[in-house]
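*Asks:* Okay, handing you the structure first.
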Protein chains: 2
Amino acid sequence: MTRPQAPLSYRDIKQIVLERIQNGTWPPDSFLPNEAELSDQFSSTRTTVNRALRELAEEGYLERRRKAGTRVLAAPVRQARFAIPLVREEVEQAGAAYRYALVARRVIPAPTWLSGRLDLTPNQRVLHLECMHYADNAPFQYEVRWIVADTIPEALKADFTDIGPNEWLVQRVPLTNLELSFTATKADATIAQFLETTAGEPVFLAERTTWLKAAPVTLARMYFAPGYRMTTRI
Amino acid sequence: MTRPQAPLSYRDIKQIVLERIQNGTWPPDSFLPNEAELSDQFSSTRTTVNRALRELAEEGYLERRRKAGTRVLAAPVRQARFAIPLVREEVEQAGAAYRYALVARRVIPAPTWLSGRLDLTPNQRVLHLECMHYADNAPFQYEVRWIVADTIPEALKADFTDIGPNEWLVQRVPLTNLELSFTATKADATIAQFLETTAGEPVFLAERTTWLKAAPVTLARMYFAPGYRMTTRI
DNA sequence: TTGGATAATAAGTGTAGACATAAAATTGAA
DNA sequence: TTCAATTTTATGTCTACACTTATTATCCAA
């Protein structure tokens, strides 16, 4: 039953190329035929092949260089993508009820270490906030945050008793740069108290620094309750 | 000085659209003009505008739905991308000398918890490895790994004294699925000994499970020396 | 032999137009 | 009034072609 072959989409081509990489037709470090030749083989156009290969390169399977051609990467630089969700969404997605509470709020001159980190002039004013996020009334995250008053003056007037600073910021400040780091740390007395655990217990700490163009906006430390796991699948 | 406008590239258009989102011309939740109209405005083609918007959607700034149109996302689902490097590369990139050592190697029937995690039949054989990774002779990572013998029989013959199992696997097994999770845990006596720290200290733990199609390949637990930070910028 | 100009090549990008498809909006019948 | 069928529309994708640009390979002269 030979019926006229439906044209291959760029998805089909991606799939086929990936299979050929994975089954050894095109072993690591080898070069693929060029786009023109592939589009012939697939009875497709160079544009379609281009999109397929471009996306595979984007995903870390191929390396492409002009004139040199397209090469299969030996060790695909697999990259994990973590969505950075709002705490509320993270909690609700897990099927738990979210509750937020503002623990402390004060305006202070930036401590030296913070000035260093955010490149502030000495004693620039910052809004310091401490917040708790609960999942089904169990502590989920203890958040300590500093917001640079000069960059976001509106924040001084904002009321953070009902809405968390992260949600507040995300809704009105178009963040341009972001640095995110994760580490394990030991709960001190304060953290332990808020997370209802014992001082000295390991907690997962996410630290997030954001800028608006060159101006520092905020630094946040988010301590997660013991047992927290950040997970992703590829 | 009116010179004939060079045509806008899809990059230019991305930039312009991003600026309009960030300066409030197109506030969160609002809809952009449709592609045809935008291509008029930019004196470009729909194809080019399409690529710009598609990539911005990919990056989490826009949401696109057929017929509905293209909407600015209120809280851009910013996503962090972590490259998942080989330990060796991670160490060398930090400018340190990398050293690897195999600590233990044995073939055992899979313990119950592992069978559950990897969906193995009871007592299926696994290769159990313990390895150390050093940066400038200081402990960097303690790796505990199980490799499913039925899925990767070659692994039983492999010599892991010179090359780590991760590098070995990456070079010959085209992993198809991967689950990665991060958490903070307490160093037990063994971990503490290898990482040259004290039992009870918090350590950063990355756990990685991989499959080849549906077949489970390996589970790895990587304990990082105290002070380790996983960082990314957007 | 070497070094620099030049040609050749493969990917990168843009234009123009067509058809496909999902989903919202509308219409019509029960 | 409500639900199902139909129309409309914005994005999704493909074709065909042309031009651009980075980079390698080649060739020739010093």
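Identifiers in this document derive from the order of the structure tokens: chains are assigned A, B, ..., residues are numbered from 1 separately in each chain, and ligands are numbered from 1 in order of occurrence.
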Could you list, as an MDAnalysis selection string, the residues of chain C having an atom within 9 Å of chain B when counting only C-alpha atoms (C1' of nucleotides)?

*Replies:* chainID C and resid 13:16 21:24

*Asks:* Please produce a file of those selected residues containing N, CA and C atoms (P, O5', C5', C4', C3', O3' and C1' of nucleotides), as a PDB file, in the first residue's frame.

*Replies:*
```pdb
ATOM      1  P    DT C  13      20.427  33.397  13.297  1.00  0.00           P
ATOM      2  O5'  DT C  13      19.721  34.115  12.068  1.00  0.00           O
ATOM      3  C5'  DT C  13      20.321  35.270  11.530  1.00  0.00           C
ATOM      4  C4'  DT C  13      19.545  35.707  10.321  1.00  0.00           C
ATOM      5  C3'  DT C  13      18.050  35.933  10.586  1.00  0.00           C
ATOM      6  O3'  DT C  13      17.798  37.315  10.464  1.00  0.00           O
ATOM      7  C1'  DT C  13      18.455  34.839   8.511  1.00  0.00           C
ATOM      8  P    DG C  14      16.389  37.935  10.742  1.00  0.00           P
ATOM      9  O5'  DG C  14      15.786  38.103   9.271  1.00  0.00           O
ATOM     10  C5'  DG C  14      16.390  39.027   8.389  1.00  0.00           C
ATOM     11  C4'  DG C  14      15.712  38.946   7.046  1.00  0.00           C
ATOM     12  C3'  DG C  14      14.185  39.057   7.119  1.00  0.00           C
ATOM     13  O3'  DG C  14      13.769  40.223   6.421  1.00  0.00           O
ATOM     14  C1'  DG C  14      14.866  37.198   5.756  1.00  0.00           C
ATOM     15  P    DT C  15      12.230  40.554   6.287  1.00  0.00           P
ATOM     16  O5'  DT C  15      11.820  39.848   4.918  1.00  0.00           O
ATOM     17  C5'  DT C  15      12.492  40.204   3.716  1.00  0.00           C
ATOM     18  C4'  DT C  15      11.770  39.591   2.542  1.00  0.00           C
ATOM     19  C3'  DT C  15      10.247  39.792   2.579  1.00  0.00           C
ATOM     20  O3'  DT C  15       9.828  40.291   1.318  1.00  0.00           O
ATOM     21  C1'  DT C  15      10.783  37.491   2.302  1.00  0.00           C
ATOM     22  P    DA C  16       8.369  40.934   1.156  1.00  0.00           P
ATOM     23  O5'  DA C  16       7.549  39.696   0.580  1.00  0.00           O
ATOM     24  C5'  DA C  16       8.025  39.032  -0.573  1.00  0.00           C
ATOM     25  C4'  DA C  16       7.130  37.847  -0.882  1.00  0.00           C
ATOM     26  C3'  DA C  16       5.655  38.068  -0.490  1.00  0.00           C
ATOM     27  O3'  DA C  16       4.854  37.779  -1.622  1.00  0.00           O
ATOM     28  C1'  DA C  16       6.447  36.022   0.375  1.00  0.00           C
ATOM     29  P    DT C  21      -4.059  19.717   9.994  1.00  0.00           P
ATOM     30  O5'  DT C  21      -4.306  20.736  11.179  1.00  0.00           O
ATOM     31  C5'  DT C  21      -3.194  21.169  11.953  1.00  0.00           C
ATOM     32  C4'  DT C  21      -3.702  22.017  13.095  1.00  0.00           C
ATOM     33  C3'  DT C  21      -4.964  21.476  13.783  1.00  0.00           C
ATOM     34  O3'  DT C  21      -4.770  21.640  15.159  1.00  0.00           O
ATOM     35  C1'  DT C  21      -5.298  23.701  13.152  1.00  0.00           C
ATOM     36  P    DA C  22      -5.482  20.679  16.172  1.00  0.00           P
ATOM     37  O5'  DA C  22      -5.756  21.705  17.355  1.00  0.00           O
ATOM     38  C5'  DA C  22      -4.710  22.576  17.757  1.00  0.00           C
ATOM     39  C4'  DA C  22      -5.310  23.857  18.287  1.00  0.00           C
ATOM     40  C3'  DA C  22      -6.449  23.658  19.273  1.00  0.00           C
ATOM     41  O3'  DA C  22      -6.189  24.493  20.373  1.00  0.00           O
ATOM     42  C1'  DA C  22      -7.145  25.083  17.500  1.00  0.00           C
ATOM     43  P    DA C  23      -6.947  24.332  21.728  1.00  0.00           P
ATOM     44  O5'  DA C  23      -7.951  25.572  21.661  1.00  0.00           O
ATOM     45  C5'  DA C  23      -7.398  26.861  21.442  1.00  0.00           C
ATOM     46  C4'  DA C  23      -8.511  27.802  21.079  1.00  0.00           C
ATOM     47  C3'  DA C  23      -9.767  27.642  21.935  1.00  0.00           C
ATOM     48  O3'  DA C  23     -10.209  28.935  22.242  1.00  0.00           O
ATOM     49  C1'  DA C  23     -10.336  27.618  19.691  1.00  0.00           C
ATOM     50  P    DA C  24     -10.910  29.238  23.631  1.00  0.00           P
ATOM     51  O5'  DA C  24     -11.621  30.632  23.326  1.00  0.00           O
ATOM     52  C5'  DA C  24     -10.867  31.644  22.669  1.00  0.00           C
ATOM     53  C4'  DA C  24     -11.731  32.334  21.643  1.00  0.00           C
ATOM     54  C3'  DA C  24     -13.084  32.812  22.166  1.00  0.00           C
ATOM     55  O3'  DA C  24     -13.253  34.160  21.748  1.00  0.00           O
ATOM     56  C1'  DA C  24     -13.385  31.493  20.222  1.00  0.00           C
TER      57       DA C  24
END
```

*Asks:* Where does chain D meet chain A within 9 Å, residue by residue, with the nearest atom pair and distance in Å to one decimal for each, counting only C-alpha atoms (C1' of nucleotides), listed by chain and rising number, as CSV?

*Replies:*
```
residue,atom,partner,partner_atom,distance
D:DT13,C1',A:Ser9,CA,7.8
D:DC14,C1',A:Thr48,CA,7.3
D:DT15,C1',A:Thr45,CA,6.9
D:DA16,C1',A:Thr45,CA,8.1
D:DT21,C1',A:Arg66,CA,8.4
D:DA22,C1',A:Arg66,CA,5.7
D:DT23,C1',A:Lys67,CA,5.6
D:DT24,C1',A:Lys67,CA,6.7
```

*Asks:* Write to file, as an mmCIF file, in the first residue's frame, the residues of the selection just made, with C-alpha atoms (C1' of nucleotides).

*Replies:*
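Result written to result-v3.cif:
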```cif
data_model
loop_
_atom_site.group_PDB
_atom_site.id
_atom_site.type_symbol
_atom_site.label_atom_id
_atom_site.label_comp_id
_atom_site.auth_asym_id
_atom_site.auth_seq_id
_atom_site.Cartn_x
_atom_site.Cartn_y
_atom_site.Cartn_z
ATOM 1 C "C1'" DT D 13 3.796 25.137 10.120
ATOM 2 C "C1'" DC D 14 5.633 24.347 5.507
ATOM 3 C "C1'" DT D 15 7.551 25.638 0.840
ATOM 4 C "C1'" DA D 16 10.696 27.948 -2.151
ATOM 5 C "C1'" DT D 21 28.040 35.900 7.349
ATOM 6 C "C1'" DA D 22 31.405 33.101 9.624
ATOM 7 C "C1'" DT D 23 34.913 30.045 8.829
ATOM 8 C "C1'" DT D 24 37.600 26.829 6.470
#
```

*Asks:* As a VMD selection string, please: every residue in range 80-228 of chain B that a backbone DSSP assignment puts in strand (DSSP E).

*Replies:* chain B and resid 80 to 83 98 to 109 125 to 135 138 to 148 177 to 186 202 to 212 215 to 224

*Asks:* Please identify all residues of chain A having at least one atom at most 9 Å from any atom of chain B, considering only C-alpha atoms, and return them as an mmCIF file with C-alpha atoms, in the first residue's frame.

*Replies:*
```cif
data_model
loop_
_atom_site.group_PDB
_atom_site.id
_atom_site.type_symbol
_atom_site.label_atom_id
_atom_site.label_comp_id
_atom_site.auth_asym_id
_atom_site.auth_seq_id
_atom_site.Cartn_x
_atom_site.Cartn_y
_atom_site.Cartn_z
ATOM 1 C CA ILE A 21 22.082 9.911 17.274
ATOM 2 C CA GLN A 22 20.906 7.561 19.972
ATOM 3 C CA ASN A 23 21.148 4.379 17.940
ATOM 4 C CA PRO A 28 29.337 11.243 18.966
ATOM 5 C CA ALA A 74 29.797 13.449 22.742
ATOM 6 C CA ALA A 75 28.454 14.391 26.123
ATOM 7 C CA PRO A 76 25.243 16.234 25.520
ATOM 8 C CA VAL A 77 25.336 19.225 27.837
ATOM 9 C CA ARG A 78 22.027 18.317 29.274
ATOM 10 C CA GLN A 79 20.416 21.192 30.944
ATOM 11 C CA ALA A 80 17.749 21.131 33.552
ATOM 12 C CA ARG A 81 15.131 23.776 33.521
ATOM 13 C CA PHE A 82 13.618 24.784 36.769
ATOM 14 C CA ALA A 83 10.572 26.903 36.733
ATOM 15 C CA ILE A 84 10.890 29.469 39.489
ATOM 16 C CA PRO A 85 7.398 29.477 40.832
ATOM 17 C CA LEU A 86 5.722 31.753 43.271
ATOM 18 C CA GLU A 167 4.349 38.414 44.439
ATOM 19 C CA VAL A 170 6.824 40.263 40.330
ATOM 20 C CA GLN A 171 3.622 42.073 39.519
ATOM 21 C CA ARG A 172 5.086 45.506 39.148
ATOM 22 C CA VAL A 173 8.793 45.337 38.621
ATOM 23 C CA PRO A 174 9.988 43.970 35.314
ATOM 24 C CA LEU A 175 13.104 42.238 36.539
ATOM 25 C CA THR A 176 15.873 42.220 34.054
ATOM 26 C CA ASN A 177 18.570 40.224 35.768
ATOM 27 C CA LEU A 178 18.482 37.482 38.268
ATOM 28 C CA GLU A 179 20.983 35.397 40.118
ATOM 29 C CA LEU A 180 19.822 32.308 41.844
ATOM 30 C CA SER A 181 21.790 29.992 44.023
ATOM 31 C CA PHE A 182 21.039 26.967 46.115
ATOM 32 C CA THR A 183 22.869 25.577 49.042
ATOM 33 C CA ALA A 184 22.407 23.587 52.213
ATOM 34 C CA THR A 185 22.745 25.387 55.494
ATOM 35 C CA LYS A 186 22.247 24.810 59.168
ATOM 36 C CA GLY A 200 21.323 22.769 63.650
ATOM 37 C CA GLU A 201 19.029 20.831 61.319
ATOM 38 C CA PRO A 202 19.946 21.084 57.627
ATOM 39 C CA VAL A 203 17.701 23.341 55.575
ATOM 40 C CA PHE A 204 17.602 23.990 51.888
ATOM 41 C CA LEU A 205 18.374 27.624 51.150
ATOM 42 C CA PRO A 226 13.182 20.168 56.287
ATOM 43 C CA GLY A 227 12.276 17.544 53.739
ATOM 44 C CA TYR A 228 11.916 19.994 50.894
ATOM 45 C CA ARG A 229 13.051 18.746 47.492
ATOM 46 C CA MET A 230 13.436 20.683 44.330
ATOM 47 C CA THR A 231 12.762 18.346 41.457
ATOM 48 C CA THR A 232 12.805 18.429 37.717
ATOM 49 C CA ARG A 233 12.462 15.942 34.896
ATOM 50 C CA ILE A 234 13.881 16.080 31.430
#
```

*Asks:* Would you mind reading off the distance between CA of Leu127 in chain A and CA of Arg106 in chain A, one decimal, in Å?

*Replies:* 6.0 Å

*Asks:* Going by DSSP on the backbone, which residues of range 16-232 of chain B come out as helix (DSSP H, G or I)? List them as a ChimeraX atom specification.

*Replies:* /B:16-22,35-41,46-58,87-93,112-118,154-157,165-172,189-194

*Asks:* Would you output that residue set with C-alpha atoms, as a CSV table (one decimal), in the first residue's frame?

*Replies:*
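Contents of again_2.csv, as written:
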```csv
chain,number,residue,atom,x,y,z
B,16,ILE,CA,11.7,45.9,21.0
B,17,VAL,CA,8.8,43.8,22.2
B,18,LEU,CA,10.7,43.0,25.5
B,19,GLU,CA,11.2,46.7,26.0
B,20,ARG,CA,7.6,47.5,25.4
B,21,ILE,CA,6.6,44.8,27.9
B,22,GLN,CA,9.1,46.1,30.5
B,35,GLU,CA,1.3,38.9,14.1
B,36,ALA,CA,0.0,40.3,10.8
B,37,GLU,CA,-0.4,43.8,12.4
B,38,LEU,CA,2.9,43.6,14.1
B,39,SER,CA,4.7,42.6,10.9
B,40,ASP,CA,3.1,45.7,9.3
B,41,GLN,CA,4.3,48.0,12.1
B,46,ARG,CA,4.9,37.5,9.7
B,47,THR,CA,7.5,34.7,9.7
B,48,THR,CA,10.0,37.0,11.4
B,49,VAL,CA,7.6,38.3,13.9
B,50,ASN,CA,6.5,34.8,14.6
B,51,ARG,CA,10.0,33.7,15.4
B,52,ALA,CA,10.5,36.7,17.8
B,53,LEU,CA,7.2,36.0,19.6
B,54,ARG,CA,7.7,32.3,19.7
B,55,GLU,CA,11.1,32.7,21.3
B,56,LEU,CA,9.8,35.2,23.8
B,57,ALA,CA,7.0,32.8,24.7
B,58,GLU,CA,9.6,30.0,25.0
B,87,VAL,CA,32.0,16.9,38.0
B,88,ARG,CA,35.4,17.1,36.4
B,89,GLU,CA,34.4,20.0,34.3
B,90,GLU,CA,32.8,21.8,37.2
B,91,VAL,CA,36.0,21.4,39.2
B,92,GLU,CA,38.3,22.4,36.4
B,93,GLN,CA,36.2,25.4,35.4
B,112,THR,CA,13.9,-3.2,48.3
B,113,TRP,CA,13.9,0.6,48.4
B,114,LEU,CA,15.9,0.7,45.2
B,115,SER,CA,13.6,-1.8,43.5
B,116,GLY,CA,10.7,0.4,44.4
B,117,ARG,CA,12.4,3.6,43.1
B,118,LEU,CA,13.5,2.1,39.8
B,154,GLU,CA,28.7,-3.7,29.9
B,155,ALA,CA,29.0,-1.8,33.1
B,156,LEU,CA,29.8,-5.0,35.0
B,157,LYS,CA,33.0,-5.3,32.9
B,165,PRO,CA,30.7,6.1,36.3
B,166,ASN,CA,29.0,9.3,35.3
B,167,GLU,CA,31.6,10.1,32.6
B,168,TRP,CA,31.6,6.5,31.6
B,169,LEU,CA,27.8,6.3,31.2
B,170,VAL,CA,27.5,9.7,29.5
B,171,GLN,CA,29.9,8.6,26.8
B,172,ARG,CA,28.1,5.4,25.9
B,189,ALA,CA,29.3,9.2,59.7
B,190,THR,CA,30.3,7.8,56.3
B,191,ILE,CA,29.5,10.9,54.3
B,192,ALA,CA,31.2,13.1,56.9
B,193,GLN,CA,34.3,10.9,56.7
B,194,PHE,CA,34.6,11.2,53.0
```

*Asks:* Please report the interatomic distance between CA of Phe160 in chain A and CA of Thr25 in chain B in Å with one decimal.

*Replies:* 26.8 Å

*Asks:* If I take CA of Tyr134 in chain B and CA of Met222 in chain B, how far is one from the other in Å, to one decimal?

*Replies:* 12.8 Å
